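Below is query.txt, holding compact mmCIF, C-alpha atoms and all ligand atoms.
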```txt
# COMPACT_ATOMS: atom_id res chain seq x y z
CA MET X 1 159.02 84.86 157.64
CA SER X 2 160.27 81.48 156.40
CA ASN X 3 160.00 78.19 158.32
CA ASN X 4 158.54 80.19 161.23
CA ILE X 5 161.81 82.07 161.50
CA PRO X 6 161.05 85.74 162.17
CA GLU X 7 162.16 88.15 159.44
CA ASN X 8 165.55 89.70 160.18
CA SER X 9 166.06 87.63 163.32
CA PHE X 10 169.60 86.40 163.75
CA HIS X 11 168.52 82.97 162.49
CA ASP X 12 166.95 84.56 159.40
CA LEU X 13 170.12 86.54 158.63
CA VAL X 14 172.30 83.45 158.99
CA LEU X 15 169.94 81.56 156.71
CA LYS X 16 169.94 84.32 154.08
CA ASN X 17 173.68 84.74 154.33
CA ARG X 18 174.60 82.43 151.50
CA SER X 19 177.60 82.69 149.23
CA TYR X 20 176.10 84.79 146.46
CA ARG X 21 177.89 84.78 143.14
CA ARG X 22 175.33 86.49 140.89
CA PHE X 23 174.31 90.07 141.60
CA ASP X 24 172.35 92.91 140.06
CA ALA X 25 175.20 94.96 138.58
CA SER X 26 172.93 98.01 138.25
CA ILE X 27 172.69 98.41 142.04
CA PRO X 28 175.73 100.04 143.61
CA VAL X 29 177.08 99.47 147.11
CA SER X 30 177.76 102.92 148.49
CA GLU X 31 180.89 103.90 150.34
CA GLN X 32 178.67 104.53 153.37
CA ILE X 33 177.57 100.90 153.35
CA LEU X 34 181.19 99.76 153.21
CA PHE X 35 181.95 102.04 156.15
CA ASP X 36 178.96 100.65 158.05
CA LEU X 37 180.27 97.11 157.54
CA LEU X 38 183.67 98.14 158.89
CA GLU X 39 181.94 99.75 161.85
CA LEU X 40 180.65 96.25 162.66
CA VAL X 41 183.92 94.54 161.98
CA ARG X 42 185.92 96.81 164.24
CA LEU X 43 183.88 95.44 167.17
CA THR X 44 184.77 91.78 166.53
CA PRO X 45 187.14 89.68 168.65
CA SER X 46 190.83 89.56 167.85
CA SER X 47 193.58 87.33 169.20
CA LYS X 48 195.53 89.25 171.86
CA ASN X 49 193.37 92.18 170.70
CA ARG X 50 196.03 93.04 168.14
CA GLN X 51 193.40 93.91 165.47
CA PRO X 52 195.79 93.33 162.56
CA LEU X 53 193.19 93.24 159.77
CA LYS X 54 192.87 96.17 157.36
CA TYR X 55 190.59 96.62 154.36
CA ILE X 56 190.73 98.16 150.92
CA LEU X 57 187.30 99.57 150.05
CA ILE X 58 186.38 99.22 146.41
CA ASN X 59 183.20 100.34 144.70
CA ASN X 60 184.39 102.19 141.61
CA GLN X 61 184.04 100.54 138.23
CA ASP X 62 187.71 100.45 137.23
CA ASP X 63 188.88 98.85 140.43
CA CYS X 64 185.92 96.45 140.45
CA ASN X 65 186.81 95.38 136.90
CA PHE X 66 190.41 94.81 137.84
CA VAL X 67 189.65 92.85 141.00
CA PHE X 68 187.02 90.78 139.22
CA SER X 69 189.45 89.72 136.53
CA HIS X 70 191.70 88.08 139.15
CA LEU X 71 189.12 86.07 141.09
CA LYS X 72 188.25 82.38 140.83
CA TRP X 73 184.56 81.72 141.23
CA ALA X 74 182.79 78.56 142.34
CA TRP X 75 185.20 75.66 142.18
CA PHE X 76 182.43 73.11 141.73
CA LEU X 77 180.61 74.92 138.91
CA ARG X 78 183.18 73.79 136.42
CA ASN X 79 181.37 74.94 133.29
CA TRP X 80 180.67 78.41 134.62
CA ASP X 81 183.16 81.24 134.06
CA GLY X 82 181.75 83.40 136.82
CA PRO X 83 179.12 86.12 136.78
CA SER X 84 178.35 87.86 133.48
CA PRO X 85 178.87 91.66 133.29
CA GLU X 86 175.22 92.20 134.33
CA GLU X 87 175.69 89.91 137.33
CA ARG X 88 178.96 91.16 138.73
CA PRO X 89 179.55 92.42 142.27
CA THR X 90 179.46 96.20 142.63
CA ALA X 91 181.88 96.37 145.55
CA TYR X 92 184.68 94.49 147.23
CA LEU X 93 186.37 94.54 150.58
CA ILE X 94 189.90 93.26 150.31
CA MET X 95 190.97 91.98 153.70
CA LEU X 96 194.63 92.49 154.52
CA LEU X 97 196.83 91.23 157.30
CA ASP X 98 199.21 93.84 158.63
CA LYS X 99 202.10 91.59 159.66
CA ASN X 100 203.58 94.41 161.72
CA LEU X 101 200.64 93.91 164.07
CA ASN X 102 200.43 90.10 164.10
CA ASP X 103 201.99 87.37 162.00
CA LYS X 104 198.73 85.46 161.52
CA ALA X 105 195.04 86.08 161.99
CA ASP X 106 193.08 83.22 160.47
CA PHE X 107 190.53 83.11 163.27
CA ASP X 108 190.16 86.89 163.35
CA ALA X 109 189.64 86.80 159.59
CA GLY X 110 186.87 84.20 159.69
CA ILE X 111 184.98 86.07 162.38
CA ALA X 112 185.42 89.34 160.52
CA ALA X 113 184.26 87.90 157.20
CA GLN X 114 181.09 86.39 158.63
CA THR X 115 180.33 89.64 160.43
CA ILE X 116 180.73 91.64 157.22
CA LEU X 117 178.50 89.25 155.30
CA LEU X 118 175.79 89.20 157.96
CA GLY X 119 175.90 92.98 158.08
CA ALA X 120 175.49 93.07 154.31
CA VAL X 121 172.53 90.70 154.43
CA GLU X 122 170.86 92.82 157.09
CA LYS X 123 170.98 95.68 154.55
CA ASP X 124 169.54 93.48 151.77
CA PHE X 125 172.90 93.03 150.14
CA GLY X 126 175.02 89.91 150.14
CA GLY X 127 178.38 88.59 149.14
CA CYS X 128 180.90 85.83 148.82
CA ILE X 129 184.23 85.08 150.45
CA ILE X 130 186.87 84.50 147.79
CA ARG X 131 190.16 82.95 148.77
CA THR X 132 191.24 81.79 145.33
CA PHE X 133 192.60 84.79 143.48
CA ASN X 134 195.79 86.17 142.04
CA ARG X 135 197.49 87.62 145.12
CA TYR X 136 200.48 88.83 143.17
CA GLU X 137 198.47 90.91 140.69
CA LEU X 138 196.24 92.45 143.35
CA ALA X 139 199.17 93.34 145.60
CA LYS X 140 200.95 94.93 142.64
CA TYR X 141 197.89 96.89 141.51
CA PHE X 142 197.27 98.31 144.98
CA CYS X 143 201.02 98.88 145.60
CA LEU X 144 200.85 96.99 148.88
CA PRO X 145 203.88 97.34 151.13
CA GLU X 146 205.77 94.20 152.20
CA ASN X 147 204.08 93.98 155.57
CA PHE X 148 200.62 93.43 154.04
CA ASP X 149 199.29 90.03 152.97
CA ILE X 150 195.97 89.72 151.22
CA ILE X 151 193.88 87.26 153.22
CA MET X 152 190.67 87.27 151.23
CA VAL X 153 188.46 89.23 148.90
CA ILE X 154 184.84 89.71 149.90
CA ALA X 155 182.63 90.36 146.89
CA LEU X 156 179.52 92.40 147.64
CA GLY X 157 176.39 93.45 145.82
CA LYS X 158 172.66 93.02 145.51
CA PRO X 159 172.08 89.28 145.17
CA ALA X 160 170.28 88.18 142.04
CA GLU X 161 170.11 84.45 142.52
CA GLU X 162 168.10 82.03 144.56
CA ILE X 163 169.97 79.60 146.75
CA ILE X 164 168.44 76.44 148.13
CA ILE X 165 169.85 74.71 151.18
CA ASP X 166 169.66 70.93 150.77
CA ASN X 167 169.74 69.07 154.07
CA ASN X 168 171.24 66.02 152.48
CA GLY X 169 174.57 65.86 154.18
CA SER X 170 174.13 62.19 154.96
CA SER X 171 174.57 61.43 151.27
CA GLY X 172 178.15 62.55 151.80
CA LYS X 173 178.06 64.73 148.67
CA MET X 174 179.02 68.27 149.63
CA GLU X 175 179.42 69.70 146.15
CA TYR X 176 177.12 72.63 145.48
CA PHE X 177 175.48 72.67 142.06
CA ARG X 178 173.00 74.51 139.84
CA ASP X 179 169.84 72.75 138.79
CA GLU X 180 168.14 72.95 135.39
CA ASN X 181 166.26 76.09 136.52
CA GLY X 182 169.46 77.88 137.44
CA LEU X 183 168.85 77.57 141.19
CA HIS X 184 172.00 77.15 143.22
CA HIS X 185 171.87 74.27 145.70
CA VAL X 186 174.15 74.06 148.68
CA PRO X 187 174.19 70.83 150.69
CA LYS X 188 174.43 71.15 154.47
CA ARG X 189 174.92 68.47 157.08
CA THR X 190 172.10 68.10 159.59
CA VAL X 191 172.51 69.01 163.27
CA ASN X 192 172.71 65.32 164.18
CA GLU X 193 175.66 64.93 161.86
CA LEU X 194 177.48 67.73 163.62
CA ILE X 195 177.27 66.07 166.99
CA TYR X 196 180.06 63.79 168.04
CA SER X 197 179.12 61.76 171.10
CA PRO X 198 182.30 60.70 172.86
CA ILE X 199 182.48 57.31 174.54
CA ARG X 200 182.84 58.09 178.23
CA HIS X 201 185.01 56.00 180.47
CA ASP X 202 182.19 55.49 182.99
CA GLN X 203 180.23 53.74 180.21
CA ASP X 204 182.79 50.91 180.03
C1 LIG X 301 187.49 80.24 153.64
C2 LIG X 301 186.54 80.24 152.45
C3 LIG X 301 187.05 80.39 151.17
C4 LIG X 301 186.18 80.45 150.06
N1 LIG X 301 186.70 80.67 148.82
C5 LIG X 301 185.86 80.74 147.75
C6 LIG X 301 186.37 81.06 146.47
O1 LIG X 301 187.58 81.24 146.27
N2 LIG X 301 185.49 81.14 145.43
C7 LIG X 301 184.14 80.97 145.60
O2 LIG X 301 183.39 81.08 144.64
N3 LIG X 301 183.62 80.66 146.83
C8 LIG X 301 184.44 80.57 147.91
N4 LIG X 301 183.93 80.30 149.17
C9 LIG X 301 182.48 80.09 149.35
C10 LIG X 301 182.16 78.59 149.62
O3 LIG X 301 182.20 77.88 148.40
C11 LIG X 301 180.75 78.51 150.28
O4 LIG X 301 180.84 79.03 151.58
C12 LIG X 301 180.22 77.08 150.33
O5 LIG X 301 179.95 76.61 149.03
C13 LIG X 301 178.94 76.99 151.15
O6 LIG X 301 177.95 77.85 150.65
P1 LIG X 301 177.25 78.89 151.61
O7 LIG X 301 178.30 79.91 151.98
O8 LIG X 301 176.14 79.49 150.82
O9 LIG X 301 176.78 78.15 152.82
C14 LIG X 301 184.77 80.28 150.26
C15 LIG X 301 184.27 80.13 151.57
C16 LIG X 301 185.14 80.13 152.65
C17 LIG X 301 184.57 79.99 154.06
```
Can you dump the structure from the file as structure tokens?
Ligand SMILES: Cc1cc2nc3c(=O)[nH]c(=O)nc-3n(C[C@H](O)[C@H](O)[C@H](O)COP(=O)(O)O)c2cc1C
Amino acid sequence: MSNNIPENSFHDLVLKNRSYRRFDASIPVSEQILFDLLELVRLTPSSKNRQPLKYILINNQDDCNFVFSHLKWAWFLRNWDGPSPEERPTAYLIMLLDKNLNDKADFDAGIAAQTILLGAVEKDFGGCIIRTFNRYELAKYFCLPENFDIIMVIALGKPAEEIIIDNNGSSGKMEYFRDENGLHHVPKRTVNELIYSPIRHDQD
């Protein structure tokens, strides 16, 4: 229980579902867990119900090493080269768009990614959406046919870092950072800052 939010309530899962970039590399993510996450994702909404997203499931060391070497971690942590070998993710889901089924699926992809990550958090794992990576090298390595685009890589593992949400959006500074104790801070706008109150004509 944190902030009177019941443990494992939806609110708690959303709160815990941070972008984790440091993991305990000694704790594997089983194939069963990856399947369980896809069991959730197959139930998510899809434009025109085309369901064009496919996934490569990765939890073996060789493939993890290869995928890792082509990812770009944490744009704003400029002096950090990404997780050390002891902190690396132990699984990945590579989300693909099958263009034979639909030519775009950005909204489907966002919903699917958040569902996967929430599902991971519910199981005491966690992850990070990665959109900056070497698409060419990954497509070549996995011999992807022409009709597949890689939309994102979702890194997964047992989180091994503490993340603090700073409700300081009004400062206008949205860059996440690490403090002197190694805690990762992520600024979030407050609810009030999310609300746009339109001027209504009858108020003229
Ligand atoms: C579409 C999208 C793309 C992202 N791409 C990357 C990425 O390439 N590398 C990375 O380290 N984090 C990436 N992130 C994670 C964001 O940096 C993170 O969501 C943001 O800092 C807020 O932190 P939070 O997820 O803990 O709330 C991405 C997130 C989204 C939604």
Legend entry - Residues within 8 Å of range 46-52 of chain X, only C-alpha atoms, excluding chain neighbours under 5 positions, as a list in words: Leu97, Asp98, Lys99, Asn100, Leu101, Asn102, Ala105, Phe107 and Asp108 of chain X
Compute the distance from (186.3, 95.3, 155.3) to each atom, counting all atoms listed in the file, keep the residues with any atom at most 6 Å away, and return them as an mmCIF file with C-alpha atoms, in the coordinates of the input; use the coordinates of the file.
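The result, stored in point.cif:
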```
data_model
loop_
_atom_site.group_PDB
_atom_site.id
_atom_site.type_symbol
_atom_site.label_atom_id
_atom_site.label_comp_id
_atom_site.auth_asym_id
_atom_site.auth_seq_id
_atom_site.Cartn_x
_atom_site.Cartn_y
_atom_site.Cartn_z
ATOM 1 C CA LEU X 38 183.670 98.140 158.890
ATOM 2 C CA TYR X 55 190.590 96.620 154.360
ATOM 3 C CA LEU X 93 186.370 94.540 150.580
ATOM 4 C CA MET X 95 190.970 91.980 153.700
#
```
Inset, instruction - Check the smallest atom-to-atom distance from each of X:Cys64, X:Ile130, X:Ile116, X:Ile195 to Leu13 in chain X using only C-alpha atoms, then report the winner. - result: X:Ile116
Inset, instruction - Within 7 Å of ligand LIG 301 (chain X), which residues show up when you count all atoms listed in the file? List them as an MDAnalysis selection string, please. - result: chainID X and resid 17:21 72:75 128:133 176 186
Inset, instruction - Using only C-alpha atoms, find the one residue out of X:Ile111, X:Lys158, X:Arg178, X:Gly126 that sits nearest to Thr44 in chain X. - result: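 Looking at the shortest contact to Thr44 in chain X, the residue is X:Ile111.
Comparing X:Ser26, X:Gly182, X:Val67, X:Phe125 by their smallest distance to Trp80 in chain X, the closest is X:Gly182 (using only C-alpha atoms).
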Since the input lacks atoms, please generate N, CA and C atoms for range 73-109 of chain X and provide them as an mmCIF file, in the frame of the given file.
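Writing the result to result.cif gives the following:
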```
data_model
loop_
_atom_site.group_PDB
_atom_site.id
_atom_site.type_symbol
_atom_site.label_atom_id
_atom_site.label_comp_id
_atom_site.auth_asym_id
_atom_site.auth_seq_id
_atom_site.Cartn_x
_atom_site.Cartn_y
_atom_site.Cartn_z
ATOM 1 N N TRP X 73 185.915 81.926 140.710
ATOM 2 C CA TRP X 73 184.560 81.720 141.230
ATOM 3 C C TRP X 73 184.183 80.255 141.229
ATOM 4 N N ALA X 74 183.550 79.812 142.289
ATOM 5 C CA ALA X 74 182.790 78.560 142.340
ATOM 6 C C ALA X 74 183.530 77.343 141.765
ATOM 7 N N TRP X 75 184.393 76.824 142.551
ATOM 8 C CA TRP X 75 185.200 75.660 142.180
ATOM 9 C C TRP X 75 184.374 74.537 141.585
ATOM 10 N N PHE X 76 183.210 74.278 142.156
ATOM 11 C CA PHE X 76 182.430 73.110 141.730
ATOM 12 C C PHE X 76 181.547 73.372 140.511
ATOM 13 N N LEU X 77 181.406 74.638 140.128
ATOM 14 C CA LEU X 77 180.610 74.920 138.910
ATOM 15 C C LEU X 77 181.570 75.012 137.740
ATOM 16 N N ARG X 78 182.028 73.858 137.311
ATOM 17 C CA ARG X 78 183.180 73.790 136.420
ATOM 18 C C ARG X 78 182.916 74.398 135.041
ATOM 19 N N ASN X 79 181.666 74.389 134.621
ATOM 20 C CA ASN X 79 181.370 74.940 133.290
ATOM 21 C C ASN X 79 180.895 76.379 133.338
ATOM 22 N N TRP X 80 181.139 77.021 134.465
ATOM 23 C CA TRP X 80 180.670 78.410 134.620
ATOM 24 C C TRP X 80 181.891 79.300 134.814
ATOM 25 N N ASP X 81 181.978 80.361 134.013
ATOM 26 C CA ASP X 81 183.160 81.240 134.060
ATOM 27 C C ASP X 81 183.015 82.367 135.067
ATOM 28 N N GLY X 82 181.985 82.309 135.877
ATOM 29 C CA GLY X 82 181.750 83.400 136.820
ATOM 30 C C GLY X 82 180.637 84.294 136.320
ATOM 31 N N PRO X 83 180.269 85.274 137.126
ATOM 32 C CA PRO X 83 179.120 86.120 136.780
ATOM 33 C C PRO X 83 179.358 86.911 135.493
ATOM 34 N N SER X 84 178.284 87.059 134.703
ATOM 35 C CA SER X 84 178.350 87.860 133.480
ATOM 36 C C SER X 84 178.455 89.337 133.881
ATOM 37 N N PRO X 85 178.759 90.240 132.927
ATOM 38 C CA PRO X 85 178.870 91.660 133.290
ATOM 39 C C PRO X 85 177.641 92.200 134.015
ATOM 40 N N GLU X 86 176.455 91.710 133.675
ATOM 41 C CA GLU X 86 175.220 92.200 134.330
ATOM 42 C C GLU X 86 175.043 91.610 135.725
ATOM 43 N N GLU X 87 175.872 90.614 136.049
ATOM 44 C CA GLU X 87 175.690 89.910 137.330
ATOM 45 C C GLU X 87 176.856 90.138 138.287
ATOM 46 N N ARG X 88 177.724 91.052 137.936
ATOM 47 C CA ARG X 88 178.960 91.160 138.730
ATOM 48 C C ARG X 88 178.757 91.935 140.029
ATOM 49 N N PRO X 89 179.615 91.667 141.018
ATOM 50 C CA PRO X 89 179.550 92.420 142.270
ATOM 51 C C PRO X 89 179.821 93.901 141.994
ATOM 52 N N THR X 90 179.247 94.763 142.816
ATOM 53 C CA THR X 90 179.460 96.200 142.630
ATOM 54 C C THR X 90 180.386 96.774 143.694
ATOM 55 N N ALA X 91 180.897 95.915 144.555
ATOM 56 C CA ALA X 91 181.880 96.370 145.550
ATOM 57 C C ALA X 91 182.693 95.175 146.036
ATOM 58 N N TYR X 92 183.832 95.505 146.611
ATOM 59 C CA TYR X 92 184.680 94.490 147.230
ATOM 60 C C TYR X 92 185.305 95.069 148.489
ATOM 61 N N LEU X 93 185.478 94.212 149.463
ATOM 62 C CA LEU X 93 186.370 94.540 150.580
ATOM 63 C C LEU X 93 187.538 93.573 150.481
ATOM 64 N N ILE X 94 188.714 94.119 150.355
ATOM 65 C CA ILE X 94 189.900 93.260 150.310
ATOM 66 C C ILE X 94 190.495 93.264 151.715
ATOM 67 N N MET X 95 190.505 92.087 152.321
ATOM 68 C CA MET X 95 190.970 91.980 153.700
ATOM 69 C C MET X 95 192.484 91.723 153.724
ATOM 70 N N LEU X 96 193.175 92.571 154.447
ATOM 71 C CA LEU X 96 194.630 92.490 154.520
ATOM 72 C C LEU X 96 195.076 92.143 155.922
ATOM 73 N N LEU X 97 196.185 91.438 156.005
ATOM 74 C CA LEU X 97 196.830 91.230 157.300
ATOM 75 C C LEU X 97 198.034 92.152 157.377
ATOM 76 N N ASP X 98 198.029 93.002 158.386
ATOM 77 C CA ASP X 98 199.210 93.840 158.630
ATOM 78 C C ASP X 98 200.148 93.047 159.531
ATOM 79 N N LYS X 99 201.199 92.483 158.922
ATOM 80 C CA LYS X 99 202.100 91.590 159.660
ATOM 81 C C LYS X 99 202.937 92.339 160.696
ATOM 82 N N ASN X 100 202.923 93.649 160.638
ATOM 83 C CA ASN X 100 203.580 94.410 161.720
ATOM 84 C C ASN X 100 202.776 94.318 163.015
ATOM 85 N N LEU X 101 201.506 93.958 162.881
ATOM 86 C CA LEU X 101 200.640 93.910 164.070
ATOM 87 C C LEU X 101 200.457 92.491 164.598
ATOM 88 N N ASN X 102 200.446 91.515 163.695
ATOM 89 C CA ASN X 102 200.430 90.100 164.100
ATOM 90 C C ASN X 102 200.857 89.284 162.892
ATOM 91 N N ASP X 103 201.478 88.120 163.152
ATOM 92 C CA ASP X 103 201.990 87.370 162.000
ATOM 93 C C ASP X 103 200.931 86.453 161.385
ATOM 94 N N LYS X 104 199.845 86.208 162.130
ATOM 95 C CA LYS X 104 198.730 85.460 161.520
ATOM 96 C C LYS X 104 197.419 85.864 162.184
ATOM 97 N N ALA X 105 196.331 85.633 161.461
ATOM 98 C CA ALA X 105 195.040 86.080 161.990
ATOM 99 C C ALA X 105 193.899 85.307 161.338
ATOM 100 N N ASP X 106 194.108 83.992 161.175
ATOM 101 C CA ASP X 106 193.080 83.220 160.470
ATOM 102 C C ASP X 106 191.737 83.233 161.195
ATOM 103 N N PHE X 107 191.803 83.124 162.525
ATOM 104 C CA PHE X 107 190.530 83.110 163.270
ATOM 105 C C PHE X 107 189.878 84.482 163.238
ATOM 106 N N ASP X 108 190.687 85.518 163.456
ATOM 107 C CA ASP X 108 190.160 86.890 163.350
ATOM 108 C C ASP X 108 189.470 87.076 161.990
ATOM 109 N N ALA X 109 190.128 86.564 160.959
ATOM 110 C CA ALA X 109 189.640 86.800 159.590
ATOM 111 C C ALA X 109 188.287 86.127 159.355
#
```
